[in-house]
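Participant: Input structure: work.csv, which contains CSV, C-alpha atoms and all ligand atoms.
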```csv
chain,number,residue,atom,x,y,z
A,1,MET,CA,-50.8,-64.9,70.9
A,2,LYS,CA,-54.5,-64.6,71.7
A,3,PHE,CA,-55.4,-61.9,69.2
A,4,ALA,CA,-54.6,-61.3,65.5
A,5,PRO,CA,-51.7,-58.7,65.2
A,6,ILE,CA,-52.7,-55.1,64.7
A,7,PRO,CA,-50.7,-53.5,61.9
A,8,TYR,CA,-49.7,-49.8,62.1
A,9,GLY,CA,-51.6,-49.1,58.9
A,10,ARG,CA,-53.9,-50.9,56.5
A,11,GLN,CA,-55.7,-50.2,53.3
A,12,GLU,CA,-59.5,-50.6,53.1
A,13,ILE,CA,-60.8,-52.3,49.9
A,14,THR,CA,-64.5,-52.6,49.3
A,15,ALA,CA,-66.6,-54.6,46.8
A,16,ASP,CA,-67.1,-51.3,44.9
A,17,ASP,CA,-63.3,-50.9,44.6
A,18,ILE,CA,-62.9,-54.4,43.3
A,19,GLU,CA,-65.7,-53.9,40.8
A,20,ALA,CA,-64.2,-50.6,39.5
A,21,VAL,CA,-60.8,-52.3,38.9
A,22,GLN,CA,-62.4,-55.3,37.3
A,23,ALA,CA,-64.4,-53.1,34.9
A,24,VAL,CA,-61.1,-51.7,33.6
A,25,LEU,CA,-59.4,-55.1,33.4
A,26,GLN,CA,-62.2,-56.2,31.1
A,27,SER,CA,-62.0,-53.1,29.0
A,28,ASP,CA,-59.6,-52.4,26.0
A,29,PHE,CA,-57.2,-50.2,27.9
A,30,LEU,CA,-55.0,-51.3,30.8
A,31,THR,CA,-52.1,-48.9,30.8
A,32,GLN,CA,-52.4,-45.1,31.1
A,33,GLY,CA,-55.6,-44.1,29.4
A,34,PRO,CA,-58.9,-42.4,30.0
A,35,VAL,CA,-59.3,-43.5,33.6
A,36,VAL,CA,-55.9,-42.1,34.6
A,37,GLU,CA,-57.1,-38.8,33.1
A,38,ALA,CA,-60.4,-39.0,35.0
A,39,PHE,CA,-58.4,-39.7,38.2
A,40,GLU,CA,-56.1,-36.7,37.6
A,41,GLN,CA,-59.2,-34.5,37.2
A,42,ALA,CA,-60.9,-35.9,40.2
A,43,ILE,CA,-57.9,-35.4,42.5
A,44,SER,CA,-57.1,-31.9,41.2
A,45,GLY,CA,-60.8,-31.0,41.4
A,46,TYR,CA,-60.9,-32.1,45.1
A,47,CYS,CA,-57.8,-30.1,45.8
A,48,ARG,CA,-58.8,-27.1,43.6
A,49,ALA,CA,-55.5,-27.5,41.7
A,50,GLY,CA,-55.2,-26.6,38.0
A,51,TYR,CA,-53.4,-29.8,36.8
A,52,GLY,CA,-52.7,-33.3,38.0
A,53,VAL,CA,-50.0,-35.6,36.7
A,54,ALA,CA,-50.5,-39.2,38.0
A,55,THR,CA,-47.5,-41.4,38.2
A,56,ASN,CA,-46.5,-45.0,39.3
A,57,SER,CA,-45.3,-43.7,42.7
A,58,ALA,CA,-44.9,-40.5,44.8
A,59,THR,CA,-41.1,-41.1,44.4
A,60,SER,CA,-41.5,-40.7,40.6
A,61,ALA,CA,-43.8,-37.6,41.1
A,62,LEU,CA,-41.1,-36.0,43.4
A,63,HIS,CA,-38.5,-36.7,40.7
A,64,LEU,CA,-40.7,-35.1,38.0
A,65,ALA,CA,-41.5,-32.2,40.2
A,66,CYS,CA,-37.8,-31.4,40.7
A,67,LEU,CA,-37.1,-31.7,37.0
A,68,ALA,CA,-40.1,-29.4,36.2
A,69,LEU,CA,-38.5,-26.8,38.6
A,70,GLU,CA,-35.2,-27.3,36.7
A,71,LEU,CA,-33.3,-28.6,39.7
A,72,GLY,CA,-29.9,-29.8,38.4
A,73,PRO,CA,-26.2,-30.1,39.1
A,74,GLY,CA,-24.9,-27.2,41.2
A,75,ASP,CA,-28.3,-26.6,42.8
A,76,TRP,CA,-29.4,-27.4,46.4
A,77,LEU,CA,-32.5,-29.1,47.6
A,78,TRP,CA,-33.4,-28.8,51.3
A,79,THR,CA,-35.9,-30.9,53.2
A,80,SER,CA,-36.6,-32.2,56.7
A,81,PRO,CA,-34.5,-35.0,58.1
A,82,ILE,CA,-37.6,-36.6,59.6
A,83,THR,CA,-39.1,-38.0,56.4
A,84,PHE,CA,-39.0,-41.0,54.1
A,85,VAL,CA,-35.7,-41.1,52.1
A,86,ALA,CA,-37.6,-40.3,48.9
A,87,SER,CA,-38.2,-36.6,49.9
A,88,ALA,CA,-34.4,-36.1,49.7
A,89,ASN,CA,-33.4,-38.7,47.1
A,90,CYS,CA,-35.4,-36.8,44.4
A,91,GLY,CA,-32.8,-34.0,44.6
A,92,LEU,CA,-29.9,-36.5,44.1
A,93,TYR,CA,-31.6,-38.0,41.1
A,94,CYS,CA,-31.3,-34.6,39.4
A,95,GLY,CA,-27.7,-34.3,40.3
A,96,ALA,CA,-28.4,-31.6,42.9
A,97,LYS,CA,-27.0,-31.5,46.4
A,98,VAL,CA,-29.2,-32.2,49.4
A,99,ASP,CA,-29.2,-30.5,52.8
A,100,PHE,CA,-31.6,-30.6,55.7
A,101,VAL,CA,-33.4,-28.2,58.0
A,102,ASP,CA,-34.0,-29.3,61.6
A,103,ILE,CA,-37.5,-30.0,62.8
A,104,ASN,CA,-39.8,-28.0,65.1
A,105,PRO,CA,-39.9,-30.0,68.4
A,106,GLN,CA,-43.7,-29.4,68.7
A,107,ASN,CA,-45.0,-30.8,65.5
A,108,TYR,CA,-41.9,-32.6,64.1
A,109,ASN,CA,-42.2,-30.8,60.7
A,110,LEU,CA,-39.5,-28.7,59.1
A,111,CYS,CA,-39.0,-25.7,61.4
A,112,PRO,CA,-39.6,-22.3,59.7
A,113,GLN,CA,-37.3,-20.5,62.2
A,114,ALA,CA,-34.5,-23.0,61.6
A,115,LEU,CA,-35.2,-22.5,57.9
A,116,GLU,CA,-34.9,-18.8,58.1
A,117,SER,CA,-31.6,-18.8,60.0
A,118,LYS,CA,-30.1,-21.4,57.6
A,119,LEU,CA,-31.3,-19.2,54.6
A,120,LYS,CA,-29.5,-16.2,56.1
A,121,ASP,CA,-26.2,-18.1,56.3
A,122,ALA,CA,-26.7,-19.7,52.9
A,123,LYS,CA,-27.3,-16.3,51.3
A,124,GLN,CA,-24.0,-15.0,52.7
A,125,GLN,CA,-22.2,-18.1,51.4
A,126,GLY,CA,-24.0,-17.9,48.0
A,127,ARG,CA,-25.6,-21.3,48.3
A,128,LEU,CA,-29.3,-20.7,48.6
A,129,PRO,CA,-31.5,-23.7,47.8
A,130,LYS,CA,-33.4,-23.8,44.6
A,131,VAL,CA,-36.1,-26.1,46.0
A,132,VAL,CA,-37.4,-26.8,49.5
A,133,VAL,CA,-39.4,-29.9,50.0
A,134,ALA,CA,-41.9,-29.4,52.8
A,135,VAL,CA,-43.1,-32.7,54.3
A,136,HIS,CA,-46.4,-32.8,56.1
A,137,LEU,CA,-45.4,-35.5,58.6
A,138,ALA,CA,-48.2,-37.7,59.9
A,139,GLY,CA,-50.7,-35.6,57.8
A,140,HIS,CA,-50.2,-32.5,59.9
A,141,PRO,CA,-49.6,-29.6,57.5
A,142,CYS,CA,-46.3,-27.6,57.8
A,143,ASP,CA,-46.5,-23.9,58.6
A,144,MET,CA,-46.9,-23.2,54.9
A,145,ARG,CA,-47.6,-19.5,55.3
A,146,ALA,CA,-44.2,-19.0,56.9
A,147,ILE,CA,-42.4,-21.2,54.4
A,148,HIS,CA,-44.1,-19.5,51.5
A,149,ALA,CA,-43.2,-16.0,52.9
A,150,LEU,CA,-39.5,-17.1,53.1
A,151,SER,CA,-39.7,-18.5,49.5
A,152,GLU,CA,-40.7,-15.0,48.3
A,153,GLN,CA,-37.9,-13.4,50.3
A,154,TYR,CA,-35.1,-15.8,49.3
A,155,GLY,CA,-36.4,-17.0,45.9
A,156,PHE,CA,-36.7,-20.7,46.2
A,157,ARG,CA,-39.4,-23.1,44.9
A,158,ILE,CA,-41.6,-25.2,47.2
A,159,ILE,CA,-42.6,-28.8,46.7
A,160,GLU,CA,-45.0,-30.1,49.3
A,161,ASP,CA,-44.4,-33.8,49.9
A,162,ALA,CA,-47.9,-34.4,51.0
A,163,SER,CA,-47.6,-38.2,50.8
A,164,HIS,CA,-49.2,-38.3,54.3
A,165,ALA,CA,-51.7,-35.5,53.8
A,166,VAL,CA,-54.3,-36.3,51.1
A,167,GLY,CA,-57.4,-34.8,52.5
A,168,ALA,CA,-55.7,-32.3,54.8
A,169,TYR,CA,-56.5,-28.6,54.8
A,170,VAL,CA,-54.6,-25.4,55.7
A,171,LEU,CA,-56.8,-22.4,56.5
A,172,ASN,CA,-59.7,-24.1,54.7
A,173,GLU,CA,-57.6,-24.6,51.6
A,174,PRO,CA,-57.1,-28.2,50.6
A,175,VAL,CA,-53.4,-29.3,50.7
A,176,GLY,CA,-52.6,-29.5,47.0
A,177,SER,CA,-54.4,-26.3,46.0
A,178,GLY,CA,-51.0,-24.7,45.4
A,179,ARG,CA,-51.8,-21.6,47.4
A,180,PHE,CA,-48.6,-21.8,49.3
A,181,SER,CA,-46.4,-23.9,47.0
A,182,ASP,CA,-45.4,-24.7,43.4
A,183,ILE,CA,-46.0,-28.4,43.2
A,184,THR,CA,-47.7,-30.8,45.6
A,185,VAL,CA,-47.1,-34.6,45.6
A,186,PHE,CA,-49.4,-37.3,47.0
A,187,SER,CA,-48.6,-41.0,47.5
A,188,PHE,CA,-51.2,-43.8,47.0
A,189,HIS,CA,-49.1,-46.5,48.6
A,190,PRO,CA,-51.4,-48.9,50.5
A,191,VAL,CA,-50.5,-47.5,54.0
A,192,LYS,CA,-51.3,-44.0,52.9
A,193,ILE,CA,-54.8,-42.3,53.1
A,194,ILE,CA,-56.2,-43.7,49.8
A,195,THR,CA,-54.5,-46.2,47.6
A,196,THR,CA,-53.9,-47.3,44.0
A,197,GLY,CA,-51.6,-50.2,45.0
A,198,GLU,CA,-48.5,-48.2,44.0
A,199,GLY,CA,-49.0,-44.7,42.7
A,200,GLY,CA,-48.6,-41.0,43.1
A,201,ILE,CA,-49.6,-37.6,41.6
A,202,ALA,CA,-48.0,-34.2,41.2
A,203,LEU,CA,-50.4,-31.2,41.3
A,204,THR,CA,-49.6,-27.7,40.1
A,205,ASN,CA,-51.3,-24.6,38.8
A,206,ASN,CA,-48.5,-24.0,36.3
A,207,PRO,CA,-49.4,-25.3,32.8
A,208,ASP,CA,-45.7,-25.4,31.6
A,209,TRP,CA,-44.6,-27.5,34.6
A,210,ALA,CA,-47.6,-29.8,34.1
A,211,ARG,CA,-46.7,-30.3,30.4
A,212,ARG,CA,-43.1,-31.0,31.3
A,213,MET,CA,-44.0,-33.5,33.9
A,214,ARG,CA,-46.3,-35.3,31.4
A,215,LEU,CA,-43.6,-35.4,28.8
A,216,LEU,CA,-41.0,-36.8,31.2
A,217,ARG,CA,-43.4,-39.3,32.7
A,218,SER,CA,-43.4,-41.1,29.3
A,219,HIS,CA,-39.8,-41.2,27.9
A,220,GLY,CA,-39.8,-37.5,26.8
A,221,VAL,CA,-41.7,-38.7,23.8
A,222,THR,CA,-44.5,-36.6,22.4
A,223,ARG,CA,-47.2,-36.9,19.7
A,224,ASP,CA,-48.2,-33.3,20.1
A,225,PRO,CA,-47.2,-31.3,17.0
A,226,ASP,CA,-46.9,-28.1,19.2
A,227,CYS,CA,-44.0,-29.8,21.1
A,228,MET,CA,-42.1,-30.9,18.1
A,229,ASP,CA,-39.3,-29.1,16.3
A,230,GLN,CA,-40.6,-30.0,12.8
A,231,ALA,CA,-43.9,-30.9,11.2
A,232,PRO,CA,-44.9,-34.5,11.7
A,233,ASP,CA,-43.8,-36.9,8.9
A,234,GLY,CA,-47.2,-38.6,9.0
A,235,PRO,CA,-49.9,-40.0,11.3
A,236,TRP,CA,-47.4,-42.5,12.9
A,237,TYR,CA,-45.1,-39.7,13.9
A,238,TYR,CA,-43.7,-39.2,17.4
A,239,GLN,CA,-40.6,-37.4,18.6
A,240,GLN,CA,-38.4,-37.8,21.6
A,241,VAL,CA,-37.6,-34.2,22.6
A,242,ASP,CA,-36.1,-34.9,26.1
A,243,LEU,CA,-34.8,-37.7,28.2
A,244,GLY,CA,-37.7,-39.0,30.2
A,245,PHE,CA,-38.8,-42.2,32.1
A,246,ASN,CA,-41.6,-44.6,32.2
A,247,TYR,CA,-43.4,-43.3,35.3
A,248,ARG,CA,-46.9,-44.0,34.1
A,249,MET,CA,-49.8,-45.2,36.2
A,250,THR,CA,-52.1,-47.9,34.8
A,251,ASP,CA,-55.8,-47.4,34.2
A,252,PHE,CA,-56.8,-50.1,36.6
A,253,GLN,CA,-54.8,-48.4,39.4
A,254,ALA,CA,-56.5,-45.2,38.6
A,255,ALA,CA,-59.9,-47.0,38.8
A,256,LEU,CA,-59.0,-48.1,42.3
A,257,GLY,CA,-57.9,-44.5,43.2
A,258,LEU,CA,-61.1,-43.0,41.8
A,259,SER,CA,-63.2,-45.4,43.8
A,260,GLN,CA,-61.2,-44.8,47.0
A,261,LEU,CA,-61.4,-41.0,46.5
A,262,GLN,CA,-65.2,-41.2,47.1
A,263,ARG,CA,-64.4,-42.3,50.7
A,264,LEU,CA,-61.5,-40.0,51.3
A,265,ASP,CA,-63.4,-37.7,53.7
A,266,GLU,CA,-64.9,-40.7,55.5
A,267,PHE,CA,-61.4,-42.1,55.9
A,268,VAL,CA,-60.0,-38.9,57.3
A,269,SER,CA,-62.9,-38.4,59.7
A,270,ARG,CA,-62.5,-41.9,61.1
A,271,ARG,CA,-58.7,-41.3,61.4
A,272,GLN,CA,-59.4,-38.1,63.3
A,273,GLU,CA,-61.9,-39.8,65.6
A,274,LEU,CA,-59.4,-42.5,66.4
A,275,ALA,CA,-56.6,-39.9,67.0
A,276,LYS,CA,-58.8,-37.9,69.4
A,277,ARG,CA,-59.7,-41.1,71.2
A,278,TYR,CA,-56.0,-42.0,71.5
A,279,SER,CA,-55.3,-38.6,73.0
A,280,ARG,CA,-58.1,-39.1,75.5
A,281,LEU,CA,-57.0,-42.6,76.5
A,282,LEU,CA,-53.3,-41.8,76.7
A,283,ALA,CA,-53.6,-38.5,78.5
A,284,HIS,CA,-52.4,-39.8,81.9
A,285,LEU,CA,-49.4,-41.8,80.5
A,286,PRO,CA,-45.8,-40.6,80.5
A,287,VAL,CA,-45.9,-39.9,76.7
A,288,THR,CA,-46.0,-36.6,74.7
A,289,LEU,CA,-49.1,-36.6,72.5
A,290,PRO,CA,-49.3,-35.0,69.1
A,291,GLN,CA,-50.5,-31.5,69.0
A,292,PHE,CA,-53.2,-30.5,66.5
A,293,ASN,CA,-53.1,-27.0,65.0
A,294,PRO,CA,-56.6,-25.5,65.0
A,295,GLU,CA,-55.8,-23.6,61.7
A,296,THR,CA,-55.4,-26.9,59.9
A,297,ARG,CA,-57.2,-30.2,59.3
A,298,SER,CA,-54.7,-33.0,59.7
A,299,ALA,CA,-55.2,-36.1,57.5
A,300,CYS,CA,-54.1,-38.1,60.6
A,301,HIS,CA,-52.0,-40.5,58.6
A,302,LEU,CA,-49.9,-41.4,61.7
A,303,TYR,CA,-50.4,-41.1,65.4
A,304,ILE,CA,-46.9,-40.4,66.8
A,305,ILE,CA,-46.2,-40.3,70.5
A,306,ARG,CA,-42.9,-39.5,72.2
A,307,LEU,CA,-41.9,-41.5,75.3
A,308,GLN,CA,-41.0,-39.3,78.3
A,309,LEU,CA,-37.9,-41.4,79.0
A,310,ASP,CA,-37.1,-39.4,82.2
A,311,GLN,CA,-40.5,-40.6,83.6
A,312,ILE,CA,-40.1,-44.3,82.9
A,313,LEU,CA,-37.6,-47.0,83.8
A,314,VAL,CA,-37.8,-48.9,80.5
A,315,SER,CA,-36.0,-48.0,77.3
A,316,HIS,CA,-37.5,-46.9,74.0
A,317,ARG,CA,-36.3,-50.1,72.4
A,318,ALA,CA,-37.7,-52.3,75.1
A,319,VAL,CA,-41.2,-50.7,74.8
A,320,PHE,CA,-41.0,-51.3,71.0
A,321,GLU,CA,-40.0,-54.9,71.4
A,322,GLU,CA,-42.7,-55.6,74.1
A,323,LEU,CA,-45.4,-54.1,71.9
A,324,ARG,CA,-44.3,-56.0,68.8
A,325,THR,CA,-44.3,-59.2,70.9
A,326,GLN,CA,-47.8,-58.4,71.9
A,327,GLY,CA,-48.8,-58.1,68.2
A,328,ILE,CA,-49.1,-54.4,68.2
A,329,GLY,CA,-47.5,-53.1,65.0
A,330,VAL,CA,-45.8,-50.0,66.3
A,331,ASN,CA,-43.4,-48.3,64.0
A,332,LEU,CA,-40.9,-45.5,63.8
A,333,HIS,CA,-41.3,-42.7,61.3
A,334,TYR,CA,-38.5,-42.0,60.6
A,335,ILE,CA,-34.8,-42.6,61.1
A,336,PRO,CA,-33.3,-39.2,60.4
A,337,VAL,CA,-32.3,-39.3,56.7
A,338,HIS,CA,-28.9,-37.6,57.3
A,339,THR,CA,-27.8,-40.5,59.5
A,340,GLN,CA,-28.5,-43.2,56.8
A,341,PRO,CA,-25.2,-44.7,55.6
A,342,TYR,CA,-25.7,-43.4,52.1
A,343,TYR,CA,-26.1,-39.8,53.4
A,344,ARG,CA,-23.2,-40.2,55.7
A,345,THR,CA,-21.0,-40.7,52.7
A,346,MET,CA,-21.9,-37.1,51.8
A,347,GLY,CA,-20.5,-35.8,55.0
A,348,PHE,CA,-23.5,-35.8,57.3
A,349,ALA,CA,-23.0,-37.0,60.8
A,350,PRO,CA,-24.9,-37.5,64.0
A,351,GLY,CA,-25.2,-34.2,65.8
A,352,ASP,CA,-26.0,-32.2,62.7
A,353,PHE,CA,-29.8,-31.9,63.4
A,354,PRO,CA,-30.2,-32.3,67.2
A,355,GLN,CA,-34.0,-31.9,67.3
A,356,ALA,CA,-34.5,-34.6,64.7
A,357,GLU,CA,-32.1,-36.9,66.5
A,358,LYS,CA,-33.7,-36.4,69.9
A,359,TYR,CA,-37.1,-37.1,68.3
A,360,TYR,CA,-35.8,-40.3,66.9
A,361,THR,CA,-34.8,-41.6,70.4
A,362,GLU,CA,-38.4,-41.1,71.7
A,363,ALA,CA,-40.8,-41.4,68.8
A,364,MET,CA,-43.3,-44.2,68.2
A,365,SER,CA,-46.2,-44.5,65.7
A,366,LEU,CA,-49.2,-46.3,67.1
A,367,PRO,CA,-51.5,-48.3,64.8
A,368,LEU,CA,-54.0,-46.1,63.0
A,369,PHE,CA,-56.1,-46.9,60.0
A,370,PRO,CA,-59.8,-46.3,59.2
A,371,GLY,CA,-60.8,-49.9,59.7
A,372,MET,CA,-59.4,-50.1,63.2
A,373,SER,CA,-62.0,-50.8,65.8
A,374,ASP,CA,-62.3,-49.2,69.2
A,375,GLN,CA,-61.6,-52.6,70.7
A,376,GLN,CA,-58.3,-52.9,68.8
A,377,GLN,CA,-57.4,-49.4,69.9
A,378,ASP,CA,-58.2,-50.3,73.5
A,379,ARG,CA,-55.8,-53.3,73.1
A,380,VAL,CA,-53.0,-50.9,71.9
A,381,VAL,CA,-53.6,-48.6,74.8
A,382,THR,CA,-53.6,-51.4,77.4
A,383,ALA,CA,-50.4,-52.9,75.9
A,384,LEU,CA,-48.7,-49.6,75.8
A,385,GLN,CA,-49.6,-48.9,79.4
A,386,LYS,CA,-48.1,-52.2,80.5
A,387,ALA,CA,-45.0,-51.8,78.4
A,388,LEU,CA,-44.3,-48.4,79.9
A,389,THR,CA,-44.3,-49.8,83.4
A,390,LEU,CA,-42.2,-52.9,82.7
B,401,LIG,C1,-44.6,-42.9,51.2
B,401,LIG,C2,-43.8,-41.7,51.1
B,401,LIG,C3,-43.1,-41.4,49.9
B,401,LIG,C4,-42.9,-42.3,48.8
B,401,LIG,O1,-44.1,-42.7,48.3
B,401,LIG,P1,-44.2,-43.9,47.2
B,401,LIG,O2,-45.5,-43.7,46.6
B,401,LIG,O3,-44.1,-45.2,47.9
B,401,LIG,O4,-43.1,-43.7,46.2
B,401,LIG,C5,-42.4,-40.2,49.9
B,401,LIG,N1,-42.4,-39.3,51.0
B,401,LIG,C6,-43.1,-39.6,52.1
B,401,LIG,C7,-43.1,-38.6,53.2
B,401,LIG,C8,-43.8,-40.8,52.2
B,401,LIG,O5,-44.4,-41.2,53.3
```
Would you write the structure of this file as structure tokens?
Ligand SMILES: *Cc1c(COP(=O)(O)O)cnc(C)c1O

Facilitator:
Amino acid sequence: MKFAPIPYGRQEITADDIEAVQAVLQSDFLTQGPVVEAFEQAISGYCRAGYGVATNSATSALHLACLALELGPGDWLWTSPITFVASANCGLYCGAKVDFVDINPQNYNLCPQALESKLKDAKQQGRLPKVVVAVHLAGHPCDMRAIHALSEQYGFRIIEDASHAVGAYVLNEPVGSGRFSDITVFSFHPVKIITTGEGGIALTNNPDWARRMRLLRSHGVTRDPDCMDQAPDGPWYYQQVDLGFNYRMTDFQAALGLSQLQRLDEFVSRRQELAKRYSRLLAHLPVTLPQFNPETRSACHLYIIRLQLDQILVSHRAVFEELRTQGIGVNLHYIPVHTQPYYRTMGFAPGDFPQAEKYYTEAMSLPLFPGMSDQQQDRVVTALQKALTL
């Protein structure tokens, strides 16, 4: 291979980031401490949310969010089949049942019309969901106004899985502000928009949910006399008042996140620039390009195309294999969750969500990350063009 491989996503770490982490490593505090708190305030400040609860992953934050909303056995959680498995698994962690709502074939997010008709049926059968997890696939915000209106009509709670959408906006509101949802979760995994190595956060405007997520983040143990059922025995005193977990973020991770947050808008702008450039360069190819909604600002986490298989002689798989051979790190986000072996054991089967399954046979994520050069992007475009005409 003549050139270095181009990954589908890559973090960008500067000398400032390293210095920020190093400063914490040389301080007295490594685990969750003052820097985690500063990071929570910085993220919730950026998003105009009341409270932020940082965690060791978005998966943990989704679990805490479900627990705060009192999801439990006998309840239903609904989400999109085109997402990472964690958006659905959080319901199972709580003992709830999981179901899916098919995607909108234009933006590949959970379809509000499909949601409405499924809600109508569920109401008749007395099995309305308690929680709907709206996933902003690729960083493109879901139609939150429509989903929010349905939540008022049918009485469910909304968690935004905004793992892809740190820095995205809906109608000039930052995703995470909670205007259209109850709790929003971000991921800081290295392929996402900004990183803490591993990490996540849950944002909410509800102080009770924030308090409960904080409690469960750390074993259900509290030192706050207001949360105890008796007066403290002494200054050493703590109480376990619930069954929690160890979902804490470390202070050095938070230091990395704080430092990265300063470049968030820069990262998103470069991602948008590259996405627009892809759309220009690919316009004449037999692929369906992502559509950008003018009412929202996408964080452009992924650039997903769909192959127009009736226009080409080569298979989806062969295009993938050829690009990977050429060192182009194409990827597929995602295999429909309901077709995973674990979910099939719950009775899901191919054919259940046809739009999601059709999407899966055509979709491809092209490399996209803020440090990508125009030259690298040109290489992706040339290789794709060749692969489509094999
Ligand atoms: C990455 C991701 C998660 C999980 O994030 P972690 O921080 O790795 O736990 C959840 N949902 C979606 C949509 C994701 O992309």

Participant: Go through A:Gln239, A:Gln375, A:Thr288, A:Thr196 and flag the residue nearest ligand LIG 401 (chain B), using only C-alpha atoms and all ligand atoms for the distances.

Facilitator: A:Thr196

Participant: Using all atoms listed in the file, which of A:Arg270, A:Arg48, A:Lys358, A:His284 sits nearest A:Ile335?

Facilitator: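 Checking each candidate against A:Ile335, we get A:Lys358 as the closest.
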
Participant: Can I get the residues close to ligand LIG 401 (chain B) as a ChimeraX atom specification, where close means within 10 Å and we count all atoms listed in the file?

Facilitator: /A:55-62,80,82-90,133-139,160-165,185-192,195-201,301,333-334

Participant: Please report as a tab-separated table every residue of stretch 36-70 of chain A lying within 10 Å of stretch 168-179 of chain A, along with the nearest atom pair and their distance in Å (one decimal), using all atoms listed in the file.

Facilitator:
```
residue	atom	partner	partner_atom	distance
A:Ile43	CA	A:Gly176	CA	9.1
A:Ser44	CA	A:Gly176	CA	7.7
A:Gly45	CA	A:Ser177	CA	9.2
A:Tyr46	CA	A:Pro174	CA	7.7
A:Cys47	CA	A:Ser177	CA	5.1
A:Arg48	CA	A:Ser177	CA	5.1
A:Ala49	CA	A:Ser177	CA	4.6
A:Gly50	CA	A:Ser177	CA	8.0
A:Tyr51	CA	A:Ser177	CA	9.9
A:Gly52	CA	A:Gly176	CA	9.8
```

Participant: Measuring atom to atom with all atoms listed in the file, identify which of A:Leu30, A:Pro370, A:Val132, A:Pro294 is nearest to A:Glu266.

Facilitator: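 Among the listed residues, the smallest separation from A:Glu266 belongs to A:Pro370.
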
Participant: What is the distance between atom CA of A:Phe245 and atom CA of A:Leu67, in Å to one decimal?

Facilitator: 11.7 Å

Participant: What does the structure give for the distance between atom CA of A:Thr204 and atom CA of A:Ala42, in Å to one decimal?

Facilitator: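 Interatomic distance here is 14.0 Å.
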
Participant: So, with all atoms listed in the file as the atoms that count, which of A:Leu366, A:Val21, A:Leu110, A:Ala275 lies closest to A:Arg306?

Facilitator: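 Among the listed residues, A:Leu366 lies closest to A:Arg306.
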
Participant: Name the closest residue to A:Gln106 among the candidates A:Val268, A:Leu289, A:Gly126, A:Leu313; distances are taken between atoms, counting only C-alpha atoms.

Facilitator: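 Using only C-alpha atoms, A:Gln106 sits closest to A:Leu289.
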
Participant: List every protein, DNA or RNA residue with an atom no more than 10 Å from (-46.1, -38.0, 82.2) in the file's coordinates, counting all atoms listed in the file, and format the result as a PDB file with C-alpha atoms, keeping the file's coordinate frame.

Facilitator:
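What landed in point.pdb:
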```pdb
ATOM      1  CA  LEU A 282     -53.300 -41.800  76.700  1.00  0.00           C
ATOM      2  CA  ALA A 283     -53.600 -38.500  78.500  1.00  0.00           C
ATOM      3  CA  HIS A 284     -52.400 -39.800  81.900  1.00  0.00           C
ATOM      4  CA  LEU A 285     -49.400 -41.800  80.500  1.00  0.00           C
ATOM      5  CA  PRO A 286     -45.800 -40.600  80.500  1.00  0.00           C
ATOM      6  CA  VAL A 287     -45.900 -39.900  76.700  1.00  0.00           C
ATOM      7  CA  THR A 288     -46.000 -36.600  74.700  1.00  0.00           C
ATOM      8  CA  LEU A 307     -41.900 -41.500  75.300  1.00  0.00           C
ATOM      9  CA  GLN A 308     -41.000 -39.300  78.300  1.00  0.00           C
ATOM     10  CA  LEU A 309     -37.900 -41.400  79.000  1.00  0.00           C
ATOM     11  CA  ASP A 310     -37.100 -39.400  82.200  1.00  0.00           C
ATOM     12  CA  GLN A 311     -40.500 -40.600  83.600  1.00  0.00           C
ATOM     13  CA  ILE A 312     -40.100 -44.300  82.900  1.00  0.00           C
TER      14      ILE A 312
END
```

Participant: Counting only C-alpha atoms, figure out which residue out of A:Met249, A:Leu150, A:Leu115, A:Ala15 gets nearest to A:Ala54.

Facilitator: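 Ranking A:Met249, A:Leu150, A:Leu115, A:Ala15 by distance to A:Ala54, first place goes to A:Met249.
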
Participant: Report, in Å to a single decimal, how far apart atom CA of A:Gly95 and atom CA of A:Cys111 are.

Facilitator: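 These atoms are spaced 25.4 Å apart.
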
Participant: For stretch 22-27 of chain A, find every residue with an atom within 7 Å (counting only C-alpha atoms), except residues of its own chain fewer than 4 positions away, and show them as a list in words.

Facilitator: Ile18, Asp251 and Phe252 of chain A

Participant: List the neighbours of A:Leu92 out to 9 Å using all atoms listed in the file; skip same-chain residues closer than 5 positions along the sequence, and give me the result as a ChimeraX atom specification.

Facilitator: /A:72-73,77,97-98

Participant: List the spatial neighbours of A:Leu71 as a list in words - criterion: any atom at most 9 Å away, all atoms listed in the file, same-chain residues fewer than 2 positions off excluded.

Facilitator: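 Surrounding residues, per the criterion: Ala65, Cys66, Leu67, Ala68, Leu69, Pro73, Gly74, Asp75, Trp76, Leu77, Gly91, Cys94, Gly95, Ala96, Lys130 and Val131 of chain A.
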
Participant: Mind dumping the selected residues with C-alpha atoms as a CSV table (one decimal), in the frame of the given file?

Facilitator:
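New file again_27.csv:
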```csv
chain,number,residue,atom,x,y,z
A,65,ALA,CA,-41.5,-32.2,40.2
A,66,CYS,CA,-37.8,-31.4,40.7
A,67,LEU,CA,-37.1,-31.7,37.0
A,68,ALA,CA,-40.1,-29.4,36.2
A,69,LEU,CA,-38.5,-26.8,38.6
A,73,PRO,CA,-26.2,-30.1,39.1
A,74,GLY,CA,-24.9,-27.2,41.2
A,75,ASP,CA,-28.3,-26.6,42.8
A,76,TRP,CA,-29.4,-27.4,46.4
A,77,LEU,CA,-32.5,-29.1,47.6
A,91,GLY,CA,-32.8,-34.0,44.6
A,94,CYS,CA,-31.3,-34.6,39.4
A,95,GLY,CA,-27.7,-34.3,40.3
A,96,ALA,CA,-28.4,-31.6,42.9
A,130,LYS,CA,-33.4,-23.8,44.6
A,131,VAL,CA,-36.1,-26.1,46.0
```
